[in-house]
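Structure file structure-v1.csv (CSV, C-alpha atoms) follows.
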chain,number,residue,atom,x,y,z
A,1,MET,CA,9.5,-16.7,-10.8
A,2,SER,CA,6.2,-15.1,-9.8
A,3,ARG,CA,5.3,-11.7,-11.2
A,4,LYS,CA,4.6,-8.7,-9.1
A,5,LYS,CA,2.0,-5.9,-8.8
A,6,ILE,CA,3.3,-2.5,-9.7
A,7,ARG,CA,3.4,-1.3,-6.1
A,8,GLU,CA,5.7,-4.1,-5.3
A,9,LEU,CA,7.9,-2.7,-8.0
A,10,GLY,CA,8.0,0.8,-6.5
A,11,LEU,CA,5.3,2.5,-8.5
A,12,LYS,CA,2.4,4.3,-6.8
A,13,ILE,CA,-0.8,5.3,-8.6
A,14,GLY,CA,-2.8,8.2,-7.0
A,15,GLN,CA,-3.0,9.5,-3.5
A,16,GLN,CA,-5.6,7.3,-1.8
A,17,PRO,CA,-4.6,4.3,0.4
A,18,THR,CA,-5.2,0.8,-0.9
A,19,GLY,CA,-7.0,-2.0,0.9
A,20,SER,CA,-5.0,-4.7,2.7
A,21,ASN,CA,-4.8,-6.8,-0.5
A,22,ASN,CA,-5.1,-4.1,-3.1
A,23,CYS,CA,-7.8,-6.2,-4.6
A,24,ILE,CA,-11.5,-6.1,-5.4
A,25,THR,CA,-12.0,-8.7,-2.5
A,26,ASP,CA,-11.0,-5.9,-0.1
A,27,VAL,CA,-14.7,-5.0,-0.4
A,28,LYS,CA,-16.1,-7.2,2.4
A,29,GLY,CA,-18.0,-10.2,1.1
A,30,VAL,CA,-16.8,-10.0,-2.5
A,31,HIS,CA,-15.6,-13.4,-3.9
A,32,VAL,CA,-13.5,-14.1,-7.0
A,33,GLY,CA,-12.9,-17.4,-8.7
A,34,HIS,CA,-11.0,-18.5,-11.8
A,35,VAL,CA,-10.9,-21.5,-14.1
A,36,THR,CA,-7.9,-21.5,-16.4
A,37,LEU,CA,-7.9,-23.6,-19.6
A,38,GLN,CA,-4.5,-23.8,-21.3
A,39,TYR,CA,-3.6,-27.0,-23.2
A,40,PRO,CA,-3.1,-28.2,-26.8
A,41,LEU,CA,-6.2,-29.2,-28.6
A,42,SER,CA,-4.6,-30.7,-31.7
A,43,THR,CA,-0.9,-31.3,-32.6
A,44,GLU,CA,-1.6,-31.4,-36.3
A,45,GLU,CA,-3.4,-28.1,-36.6
A,46,ASP,CA,-1.6,-26.5,-33.7
A,47,GLU,CA,-4.8,-25.5,-32.0
A,48,TRP,CA,-4.8,-24.5,-28.3
A,49,ALA,CA,-7.2,-23.8,-25.5
A,50,CYS,CA,-5.8,-20.6,-24.0
A,51,THR,CA,-8.8,-19.1,-22.2
A,52,GLY,CA,-10.9,-19.4,-19.1
A,53,VAL,CA,-13.7,-18.1,-16.9
A,54,THR,CA,-13.7,-15.6,-14.0
A,55,ALA,CA,-16.6,-15.3,-11.5
A,56,ILE,CA,-17.2,-12.3,-9.2
A,57,LEU,CA,-19.8,-12.7,-6.5
A,58,PRO,CA,-21.0,-9.8,-4.4
A,59,HIS,CA,-21.6,-12.0,-1.3
A,60,GLU,CA,-21.5,-15.6,-0.3
A,61,ARG,CA,-25.3,-16.0,0.1
A,62,ASN,CA,-27.9,-16.7,-2.6
A,63,ILE,CA,-27.6,-13.8,-5.0
A,64,PHE,CA,-31.0,-14.4,-6.6
A,65,GLN,CA,-32.7,-14.3,-3.2
A,66,GLU,CA,-30.6,-11.3,-2.0
A,67,LYS,CA,-29.9,-9.0,-4.8
A,68,VAL,CA,-27.6,-6.0,-4.7
A,69,VAL,CA,-27.9,-2.5,-6.3
A,70,ALA,CA,-26.0,-2.5,-9.6
A,71,THR,CA,-25.6,-0.9,-13.0
A,72,SER,CA,-23.4,-0.8,-16.1
A,73,TYR,CA,-21.9,1.9,-18.2
A,74,VAL,CA,-20.8,1.4,-21.8
A,75,PHE,CA,-18.1,3.7,-23.1
A,76,ASN,CA,-17.9,1.9,-26.5
A,77,GLY,CA,-20.3,-0.8,-27.3
A,78,PHE,CA,-18.4,-3.3,-29.5
A,79,GLY,CA,-19.1,-6.1,-27.1
A,80,LYS,CA,-21.2,-9.3,-26.7
A,81,THR,CA,-22.4,-9.1,-23.1
A,82,THR,CA,-25.5,-10.6,-21.6
A,83,GLY,CA,-27.8,-9.1,-19.0
A,84,LEU,CA,-26.9,-5.4,-19.1
A,85,VAL,CA,-30.3,-4.3,-20.5
A,86,GLN,CA,-32.2,-5.5,-17.5
A,87,LEU,CA,-29.4,-4.6,-15.1
A,88,ASN,CA,-29.7,-0.9,-16.2
A,89,GLU,CA,-33.5,-1.0,-16.3
A,90,LEU,CA,-34.0,-2.4,-12.8
A,91,GLY,CA,-30.7,-1.6,-11.1
A,92,ARG,CA,-30.5,-5.0,-9.4
A,93,LEU,CA,-27.8,-7.7,-9.8
A,94,GLU,CA,-29.2,-11.3,-9.2
A,95,SER,CA,-26.4,-13.4,-10.6
A,96,PRO,CA,-22.7,-13.7,-10.3
A,97,ILE,CA,-20.8,-11.4,-12.7
A,98,MET,CA,-19.1,-13.8,-15.2
A,99,LEU,CA,-16.2,-13.0,-17.5
A,100,THR,CA,-14.9,-15.1,-20.4
A,101,ASN,CA,-14.0,-15.0,-24.1
A,102,THR,CA,-16.4,-13.8,-26.8
A,103,PHE,CA,-17.5,-17.2,-28.0
A,104,GLY,CA,-17.7,-18.5,-24.5
A,105,VAL,CA,-20.6,-16.3,-23.5
A,106,PRO,CA,-23.4,-18.8,-24.4
A,107,ALA,CA,-21.7,-21.6,-22.5
A,108,VAL,CA,-21.0,-19.5,-19.5
A,109,THR,CA,-24.5,-18.1,-19.5
A,110,GLN,CA,-25.9,-21.6,-19.6
A,111,GLY,CA,-23.6,-22.8,-16.8
A,112,THR,CA,-24.4,-19.9,-14.6
A,113,LEU,CA,-28.1,-20.4,-15.3
A,114,GLU,CA,-27.9,-24.0,-14.3
A,115,TYR,CA,-26.0,-23.1,-11.1
A,116,LEU,CA,-28.8,-20.7,-10.1
A,117,LEU,CA,-31.7,-23.0,-11.1
A,118,GLU,CA,-30.2,-25.8,-8.9
A,119,ARG,CA,-30.3,-23.4,-5.9
A,120,ASN,CA,-33.6,-21.7,-6.7
A,121,PRO,CA,-36.3,-24.2,-7.8
A,122,GLU,CA,-38.9,-21.4,-7.8
A,123,ILE,CA,-37.2,-19.7,-10.8
A,124,GLY,CA,-39.5,-20.2,-13.8
A,125,GLU,CA,-42.1,-21.8,-11.7
A,126,SER,CA,-43.6,-19.8,-8.8
A,127,THR,CA,-41.6,-16.7,-9.7
A,128,GLY,CA,-40.1,-15.1,-12.8
A,129,THR,CA,-36.9,-15.8,-14.7
A,130,VAL,CA,-33.3,-14.7,-13.8
A,131,ASN,CA,-31.0,-12.3,-15.4
A,132,ILE,CA,-27.4,-13.6,-16.1
A,133,VAL,CA,-24.6,-11.0,-16.4
A,134,VAL,CA,-21.7,-12.1,-18.6
A,135,GLY,CA,-18.9,-9.9,-20.0
A,136,GLU,CA,-16.3,-10.9,-22.6
A,137,CYS,CA,-13.2,-10.0,-24.5
A,138,ASN,CA,-11.8,-11.5,-27.7
A,139,ASP,CA,-8.8,-13.8,-27.0
A,140,SER,CA,-8.6,-15.3,-30.5
A,141,TYR,CA,-4.9,-14.4,-31.1
A,142,LEU,CA,-3.8,-17.0,-28.5
A,143,ASN,CA,-7.0,-19.1,-28.1
A,144,SER,CA,-8.6,-21.4,-30.7
A,145,ILE,CA,-11.8,-19.5,-30.2
A,146,ARG,CA,-13.7,-21.3,-33.0
A,147,THR,CA,-13.4,-24.6,-31.1
A,148,MET,CA,-15.2,-23.1,-28.1
A,149,PRO,CA,-13.3,-24.9,-25.3
A,150,VAL,CA,-15.2,-23.1,-22.6
A,151,LYS,CA,-18.1,-25.3,-21.4
A,152,PRO,CA,-21.0,-24.7,-18.9
A,153,GLU,CA,-19.3,-26.7,-16.2
A,154,HIS,CA,-16.4,-24.3,-16.3
A,155,ALA,CA,-18.7,-21.5,-15.3
A,156,LYS,CA,-20.0,-23.6,-12.3
A,157,GLU,CA,-16.5,-24.4,-11.3
A,158,ALA,CA,-15.4,-20.8,-11.3
A,159,ILE,CA,-18.3,-19.9,-9.1
A,160,GLN,CA,-17.6,-22.8,-6.7
A,161,LYS,CA,-13.9,-21.8,-6.5
A,162,ALA,CA,-14.7,-18.2,-5.7
A,163,SER,CA,-13.3,-16.9,-2.4
A,164,THR,CA,-12.6,-13.7,-0.5
A,165,ASP,CA,-8.9,-14.4,-0.7
A,166,LYS,CA,-6.6,-12.1,-2.7
A,167,ALA,CA,-7.5,-12.9,-6.3
A,168,GLU,CA,-5.0,-14.3,-8.7
A,169,GLU,CA,-4.0,-11.8,-11.4
A,170,GLY,CA,-2.4,-11.8,-14.8
A,171,ALA,CA,-2.8,-14.7,-17.3
A,172,VAL,CA,-5.5,-16.6,-15.3
A,173,GLY,CA,-9.2,-17.3,-15.7
A,174,ALA,CA,-10.8,-15.2,-18.4
A,175,GLY,CA,-7.5,-13.3,-18.8
A,176,THR,CA,-5.5,-16.4,-19.9
A,177,GLY,CA,-5.4,-15.5,-23.6
A,178,MET,CA,-5.8,-11.7,-23.4
A,179,VAL,CA,-3.3,-9.1,-24.9
A,180,CYS,CA,-2.9,-5.5,-23.7
A,181,PHE,CA,-0.8,-2.9,-25.4
A,182,GLY,CA,1.0,-5.6,-27.3
A,183,TYR,CA,2.0,-7.4,-24.1
A,184,LYS,CA,0.4,-10.1,-22.1
A,185,GLY,CA,-2.7,-8.7,-20.3
A,186,GLY,CA,-5.6,-10.3,-18.5
A,187,ILE,CA,-6.9,-10.0,-14.9
A,188,GLY,CA,-5.8,-7.1,-12.7
A,189,CYS,CA,-7.1,-5.8,-9.4
A,190,SER,CA,-6.8,-2.8,-7.2
A,191,SER,CA,-8.7,-1.1,-4.3
A,192,ARG,CA,-8.9,2.2,-2.5
A,193,ILE,CA,-10.0,3.2,1.1
A,194,VAL,CA,-12.1,6.3,1.1
A,195,LYS,CA,-12.1,8.3,4.3
A,196,ASN,CA,-15.5,9.8,5.3
A,197,GLU,CA,-14.6,12.6,7.8
A,198,GLY,CA,-14.2,10.2,10.7
A,199,VAL,CA,-17.7,8.7,10.3
A,200,VAL,CA,-16.9,5.5,8.4
A,201,ASP,CA,-14.5,4.4,5.8
A,202,TYR,CA,-15.7,3.0,2.4
A,203,THR,CA,-13.8,0.6,0.1
A,204,VAL,CA,-13.8,0.7,-3.7
A,205,GLY,CA,-12.5,-2.4,-5.4
A,206,CYS,CA,-11.8,-2.9,-9.1
A,207,LEU,CA,-11.2,-6.0,-11.3
A,208,VAL,CA,-10.4,-5.6,-15.0
A,209,LEU,CA,-10.2,-8.0,-17.9
A,210,SER,CA,-7.7,-6.1,-20.1
A,211,ASN,CA,-7.4,-6.9,-23.8
A,212,PHE,CA,-6.9,-3.6,-25.6
A,213,GLY,CA,-4.5,-1.0,-27.0
A,214,LYS,CA,-1.5,-0.7,-29.2
A,215,THR,CA,2.1,-0.6,-27.9
A,216,GLU,CA,2.6,3.0,-29.0
A,217,GLU,CA,-0.4,4.0,-26.9
A,218,LEU,CA,1.3,2.6,-23.8
A,219,GLU,CA,4.6,4.3,-24.7
A,220,ASN,CA,2.8,7.6,-24.6
A,221,TYR,CA,2.1,6.8,-20.9
A,222,ASN,CA,5.4,8.4,-20.0
A,223,ARG,CA,4.7,8.9,-16.3
A,224,PHE,CA,5.6,5.3,-15.7
A,225,ILE,CA,6.7,3.7,-19.0
A,226,GLN,CA,10.0,4.3,-20.6
A,227,THR,CA,11.0,4.0,-24.2
A,228,GLN,CA,10.2,0.8,-26.0
A,229,THR,CA,12.9,-1.9,-26.0
A,230,ASP,CA,13.7,-4.3,-28.9
A,231,LEU,CA,11.5,-7.0,-27.3
A,232,GLU,CA,8.9,-8.4,-29.8
A,233,VAL,CA,5.4,-7.2,-29.1
A,234,THR,CA,2.1,-8.5,-30.5
A,235,ASP,CA,0.3,-6.6,-33.2
A,236,SER,CA,-3.2,-7.9,-32.7
A,237,GLN,CA,-5.6,-7.6,-35.7
A,238,THR,CA,-8.4,-6.4,-33.5
A,239,ASP,CA,-8.9,-3.3,-31.4
A,240,GLY,CA,-9.5,-5.3,-28.3
A,241,SER,CA,-11.7,-4.6,-25.3
A,242,ILE,CA,-11.8,-4.2,-21.6
A,243,ILE,CA,-14.4,-5.2,-19.0
A,244,ILE,CA,-14.1,-3.3,-15.7
A,245,VAL,CA,-16.0,-4.6,-12.6
A,246,LEU,CA,-16.3,-2.0,-9.8
A,247,ALA,CA,-17.4,-2.9,-6.3
A,248,THR,CA,-18.0,-0.7,-3.3
A,249,ASP,CA,-19.5,-1.0,0.2
A,250,ALA,CA,-20.6,2.7,0.0
A,251,PRO,CA,-24.4,3.0,0.1
A,252,LEU,CA,-25.2,4.2,-3.4
A,253,ASN,CA,-28.3,3.9,-5.6
A,254,GLU,CA,-28.1,2.7,-9.1
A,255,ARG,CA,-27.8,6.3,-10.6
A,256,GLN,CA,-25.0,7.2,-8.2
A,257,LEU,CA,-23.3,3.9,-9.1
A,258,GLN,CA,-23.5,4.8,-12.8
A,259,ARG,CA,-21.9,8.1,-12.0
A,260,LEU,CA,-19.1,6.2,-10.2
A,261,ALA,CA,-18.7,3.8,-13.2
A,262,LYS,CA,-18.2,6.7,-15.6
A,263,ARG,CA,-15.1,7.7,-13.6
A,264,CYS,CA,-13.5,4.4,-14.5
A,265,GLY,CA,-13.0,5.9,-18.0
A,266,ILE,CA,-10.6,8.4,-16.5
A,267,GLY,CA,-8.3,5.6,-15.2
A,268,LEU,CA,-8.6,3.8,-18.5
A,269,GLY,CA,-7.7,6.9,-20.5
A,270,ARG,CA,-4.7,7.6,-18.3
A,271,THR,CA,-3.1,4.3,-19.4
A,272,GLY,CA,-3.3,5.4,-23.1
A,273,SER,CA,-6.6,4.0,-24.3
A,274,HIS,CA,-8.7,6.1,-26.6
A,275,MET,CA,-11.5,3.5,-26.7
A,276,SER,CA,-11.0,2.3,-30.3
A,277,ASN,CA,-13.8,1.8,-32.8
A,278,GLY,CA,-13.7,-2.0,-32.4
A,279,SER,CA,-13.2,-2.0,-28.7
A,280,GLY,CA,-15.8,-3.0,-26.1
A,281,ASP,CA,-15.2,-0.7,-23.1
A,282,ILE,CA,-17.7,-1.6,-20.4
A,283,VAL,CA,-18.1,-1.1,-16.7
A,284,ILE,CA,-20.3,-3.2,-14.4
A,285,ALA,CA,-20.7,-1.7,-10.9
A,286,PHE,CA,-22.4,-2.8,-7.8
A,287,SER,CA,-22.7,-1.9,-4.1
A,288,THR,CA,-22.7,-4.4,-1.2
A,289,ALA,CA,-24.1,-1.9,1.3
A,290,GLN,CA,-27.5,-3.4,1.4
A,291,THR,CA,-29.4,-6.3,-0.2
A,292,ILE,CA,-32.9,-6.5,-1.7
A,293,PRO,CA,-35.0,-9.6,-1.0
A,294,HIS,CA,-36.5,-11.3,-4.0
A,295,PHE,CA,-39.7,-12.1,-2.0
A,296,SER,CA,-41.4,-9.5,0.3
A,297,VAL,CA,-44.9,-8.9,1.5
A,298,ASP,CA,-44.2,-5.2,1.8
A,299,HIS,CA,-45.0,-2.8,-1.0
A,300,LYS,CA,-42.3,-0.3,0.0
A,301,GLU,CA,-38.5,-0.6,0.3
A,302,THR,CA,-36.3,1.7,2.4
A,303,PHE,CA,-32.8,2.4,1.4
A,304,SER,CA,-29.9,4.5,2.7
A,305,GLN,CA,-27.8,6.4,0.2
A,306,LEU,CA,-25.1,9.1,0.3
A,307,ARG,CA,-26.1,12.7,0.0
A,308,GLU,CA,-24.7,14.0,-3.2
A,309,ASP,CA,-23.4,17.2,-1.6
A,310,ASN,CA,-21.3,15.1,0.7
A,311,THR,CA,-17.6,15.5,-0.1
A,312,VAL,CA,-17.1,11.7,0.2
A,313,LEU,CA,-18.8,11.3,-3.2
A,314,ASN,CA,-15.9,13.1,-4.9
A,315,SER,CA,-13.5,10.9,-3.1
A,316,LEU,CA,-15.3,7.8,-4.4
A,317,PHE,CA,-15.0,9.2,-7.9
A,318,THR,CA,-11.3,9.6,-7.4
A,319,ALA,CA,-11.1,6.0,-6.0
A,320,ALA,CA,-12.8,4.7,-9.2
A,321,ALA,CA,-10.3,6.4,-11.4
A,322,GLU,CA,-7.3,5.5,-9.4
A,323,SER,CA,-8.2,1.8,-8.8
A,324,THR,CA,-9.0,1.3,-12.5
A,325,GLU,CA,-5.7,2.7,-13.7
A,326,GLU,CA,-3.8,0.6,-11.2
A,327,ALA,CA,-5.8,-2.6,-11.9
A,328,ILE,CA,-4.9,-2.3,-15.6
A,329,LEU,CA,-1.2,-1.9,-14.9
A,330,ASN,CA,-1.4,-4.8,-12.5
A,331,SER,CA,-3.0,-6.9,-15.2
A,332,LEU,CA,0.2,-6.2,-17.2
A,333,SER,CA,2.8,-6.5,-14.4
A,334,CYS,CA,1.3,-9.8,-13.1
A,335,ALA,CA,0.9,-11.5,-16.4
A,336,THR,CA,3.5,-14.0,-17.7
A,337,THR,CA,4.7,-14.7,-21.2
A,338,THR,CA,2.1,-17.1,-22.8
A,339,VAL,CA,2.2,-19.5,-25.7
A,340,GLY,CA,-1.0,-20.2,-27.6
A,341,ARG,CA,-2.4,-21.3,-31.0
A,342,LYS,CA,-0.1,-21.6,-34.1
A,343,GLY,CA,2.9,-21.3,-31.8
A,344,ARG,CA,2.1,-17.6,-31.1
A,345,VAL,CA,3.8,-16.0,-28.1
A,346,VAL,CA,2.8,-12.9,-26.3
A,347,ASN,CA,5.5,-11.6,-24.0
A,348,GLU,CA,5.1,-10.3,-20.5
A,349,LEU,CA,5.7,-6.6,-19.9
A,350,PRO,CA,9.4,-6.1,-19.1
A,351,TYR,CA,10.0,-4.6,-15.7
A,352,ASN,CA,12.9,-2.6,-17.1
A,353,LEU,CA,10.3,-0.4,-19.0
A,354,LEU,CA,8.9,0.8,-15.7
A,355,LYS,CA,10.3,4.0,-14.1
A,356,THR,CA,11.0,2.6,-10.7

For the file at hand, write its structure as structure tokens.
Amino acid sequence: MSRKKIRELGLKIGQQPTGSNNCITDVKGVHVGHVTLQYPLSTEEDEWACTGVTAILPHERNIFQEKVVATSYVFNGFGKTTGLVQLNELGRLESPIMLTNTFGVPAVTQGTLEYLLERNPEIGESTGTVNIVVGECNDSYLNSIRTMPVKPEHAKEAIQKASTDKAEEGAVGAGTGMVCFGYKGGIGCSSRIVKNEGVVDYTVGCLVLSNFGKTEELENYNRFIQTQTDLEVTDSQTDGSIIIVLATDAPLNERQLQRLAKRCGIGLGRTGSHMSNGSGDIVIAFSTAQTIPHFSVDHKETFSQLREDNTVLNSLFTAAAESTEEAILNSLSCATTTVGRKGRVVNELPYNLLKT
């Protein structure tokens, strides 16, 4: 039986309306693709591939040629990402945003680089290099991470599979082997529609890769979670991590986007996280409102951006917090019980714990 998003179970997060799919792909043009790897590697050693790759593209065109405004924000830096230094320095995204497991970062970086080089022969020749953005979480409880099952071709496949359809959620793609609050976590999405005084509506979409938290932290989230049952939960040896990808079609510059990204921490905190010492809590945010050409004969660029005394900015902040919180809960409610290495089992969140 397929699992459900929390709204389908009668729970509502926040006050703002969601987009039609309650997904990051509600932001027009945004694509999401997954490659899921789940199979035994060795019967003798009981090793399993329980991992994958997730790709998020801001539009369907050539992202190197048509960059978008972007930034990142690090709440706690226990992570092994690539590309965030240049992303924050220049405020421009020129590759798909890729998610995978910790030891899969080099292979995914290589595969994404190969994908971009195939489509842009000028990279490294008549123009500069390219900045690949990859985020990760540690799925070694279920995945035989030392065997490094993720290969460069899996990154290419995830990009090629990316579409504007409602994204799969739960134990898929990069989320296949992730654990959240002792239950099965992974990929979760949500979106919000922000009203702008009758002028134009903006959309904020969020996708999370959830892999953090202890069960007792979720139990403290007593708005929606009831007392723990006797179902076995997973006591992971690591603090875990979360990658939050935030997309919007609101015209924001990179500084404004970083302000928006900071509000994702409110949604994360509402679920019970205190951003543990060994947790990588990272937001990658971008705006699709306008693109920046890689080549131009002009020495000036003209951009539109929201005035900061406009009330819509506060509404965007609210949208970031609400969509992050709901995306995390969707990563739990959509995930199915998963078997991995050494016969380990991580149970899905029981619906009877939810206050419906």

One-decimal distance in Å that lies between atom CA of Lys28 of chain A and atom CA of Arg192 of chain A:
12.8 Å

Considering only C-alpha atoms, tabulate each residue of segment 235-290 of chain A that lies at most 7 Å from segment 122-145 of chain A along with its nearest interatomic pair and the corresponding distance in Å to one decimal; arrange the rows by chain and ascending residue number and present them as a Markdown table.
| residue | atom | partner | partner_atom | distance |
| --- | --- | --- | --- | --- |
| A:Ser236 | CA | A:Tyr141 | CA | 6.9 |
| A:Gly240 | CA | A:Asn138 | CA | 6.6 |
| A:Ser241 | CA | A:Cys137 | CA | 5.7 |
| A:Ile242 | CA | A:Cys137 | CA | 6.6 |
| A:Ile243 | CA | A:Gly135 | CA | 6.6 |

For segment 93-104 of chain A, I'd like the enclosing box, axis-aligned and padded by 5 Å on every side, reported as AutoDock Vina command-line options with centre and edge lengths in Å to one decimal.
--center_x -21.6 --center_y -13.1 --center_z -18.6 --size_x 25.2 --size_y 20.8 --size_z 28.8

Grab the atom CA of Leu93 of chain A to atom CA of Pro17 of chain A distance for me, in Å with one decimal place.
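Taking atom CA of Leu93 of chain A and atom CA of Pro17 of chain A, their separation equals 28.0 Å.
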
Would you mind listing what lies within 10 Å of Met98 of chain A as a short mmCIF file (atom, residue, chain, number, x, y, z; two decimals) with C-alpha atoms, keeping the file's coordinate frame, with all atoms listed in the file counted and same-chain residues fewer than 6 positions away left out?
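The file below, out-v4.cif, is the result:
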data_model
loop_
_atom_site.label_atom_id
_atom_site.label_comp_id
_atom_site.auth_asym_id
_atom_site.auth_seq_id
_atom_site.Cartn_x
_atom_site.Cartn_y
_atom_site.Cartn_z
CA VAL A 32 -13.50 -14.10 -7.00
CA GLY A 33 -12.90 -17.40 -8.70
CA HIS A 34 -11.00 -18.50 -11.80
CA VAL A 53 -13.70 -18.10 -16.90
CA THR A 54 -13.70 -15.60 -14.00
CA ALA A 55 -16.60 -15.30 -11.50
CA ILE A 56 -17.20 -12.30 -9.20
CA LEU A 57 -19.80 -12.70 -6.50
CA THR A 81 -22.40 -9.10 -23.10
CA THR A 82 -25.50 -10.60 -21.60
CA VAL A 105 -20.60 -16.30 -23.50
CA VAL A 108 -21.00 -19.50 -19.50
CA THR A 109 -24.50 -18.10 -19.50
CA THR A 112 -24.40 -19.90 -14.60
CA ILE A 132 -27.40 -13.60 -16.10
CA VAL A 133 -24.60 -11.00 -16.40
CA VAL A 134 -21.70 -12.10 -18.60
CA GLY A 135 -18.90 -9.90 -20.00
CA GLU A 136 -16.30 -10.90 -22.60
CA ALA A 155 -18.70 -21.50 -15.30
CA ALA A 158 -15.40 -20.80 -11.30
CA ILE A 159 -18.30 -19.90 -9.10
CA ALA A 174 -10.80 -15.20 -18.40
#

Considering only C-alpha atoms, tabulate each residue of segment 26-97 of chain A that lies at most 9 Å from segment 258-278 of chain A along with its nearest interatomic pair and the corresponding distance in Å to one decimal; arrange the rows by chain and ascending residue number and present them as JSON lines.
{"residue": "A:Ala70", "atom": "CA", "partner": "A:Gln258", "partner_atom": "CA", "distance": 8.4}
{"residue": "A:Thr71", "atom": "CA", "partner": "A:Gln258", "partner_atom": "CA", "distance": 6.1}
{"residue": "A:Ser72", "atom": "CA", "partner": "A:Gln258", "partner_atom": "CA", "distance": 6.5}
{"residue": "A:Tyr73", "atom": "CA", "partner": "A:Ala261", "partner_atom": "CA", "distance": 6.2}
{"residue": "A:Val74", "atom": "CA", "partner": "A:Lys262", "partner_atom": "CA", "distance": 8.6}
{"residue": "A:Phe75", "atom": "CA", "partner": "A:Met275", "partner_atom": "CA", "distance": 7.5}
{"residue": "A:Asn76", "atom": "CA", "partner": "A:Met275", "partner_atom": "CA", "distance": 6.6}
{"residue": "A:Gly77", "atom": "CA", "partner": "A:Gly278", "partner_atom": "CA", "distance": 8.4}
{"residue": "A:Phe78", "atom": "CA", "partner": "A:Gly278", "partner_atom": "CA", "distance": 5.7}
{"residue": "A:Gly79", "atom": "CA", "partner": "A:Gly278", "partner_atom": "CA", "distance": 8.6}

Write the residues you've just listed into a file as an mmCIF file, in the frame of the given file, and include C-alpha atoms for each of them.
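Output below, filename out_12.cif:
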data_model
loop_
_atom_site.group_PDB
_atom_site.id
_atom_site.type_symbol
_atom_site.label_atom_id
_atom_site.label_comp_id
_atom_site.auth_asym_id
_atom_site.auth_seq_id
_atom_site.Cartn_x
_atom_site.Cartn_y
_atom_site.Cartn_z
ATOM 1 C CA ALA A 70 -26.000 -2.500 -9.600
ATOM 2 C CA THR A 71 -25.600 -0.900 -13.000
ATOM 3 C CA SER A 72 -23.400 -0.800 -16.100
ATOM 4 C CA TYR A 73 -21.900 1.900 -18.200
ATOM 5 C CA VAL A 74 -20.800 1.400 -21.800
ATOM 6 C CA PHE A 75 -18.100 3.700 -23.100
ATOM 7 C CA ASN A 76 -17.900 1.900 -26.500
ATOM 8 C CA GLY A 77 -20.300 -0.800 -27.300
ATOM 9 C CA PHE A 78 -18.400 -3.300 -29.500
ATOM 10 C CA GLY A 79 -19.100 -6.100 -27.100
#

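Near Glu8 of chain A, within a cut-off of 12 Å and counting all atoms listed in the file, sit the residues Ser2, Arg3, Lys4, Lys5, Ile6, Gly10, Leu11, Lys12, Ile13, Asn21, Asn22, Asn330, Ser333, Cys334, Tyr351, Leu354 and Thr356 of chain A, with same-chain residues fewer than 2 positions away left out.
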
Figure out the distance between atom CA of Val208 of chain A and atom CA of Glu118 of chain A, please, to one decimal in Å.
28.9 Å

Write out as a VMD selection string each polymer residue whose atoms come within 12 Å of Cys180 of chain A, counting only C-alpha atoms; drop sequence neighbours fewer than 4 positions from it.
chain A and resid 137 to 139 141 170 to 171 175 to 176 184 to 188 208 to 218 233 to 236 238 to 242 271 to 273 279 328 to 333 335 346 to 349

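Residue nearest Ala162 of chain A within the list A:Val204, A:Val35, A:Glu254, A:Gly198: A:Val35 [criterion: smallest interatomic distance, only C-alpha atoms].
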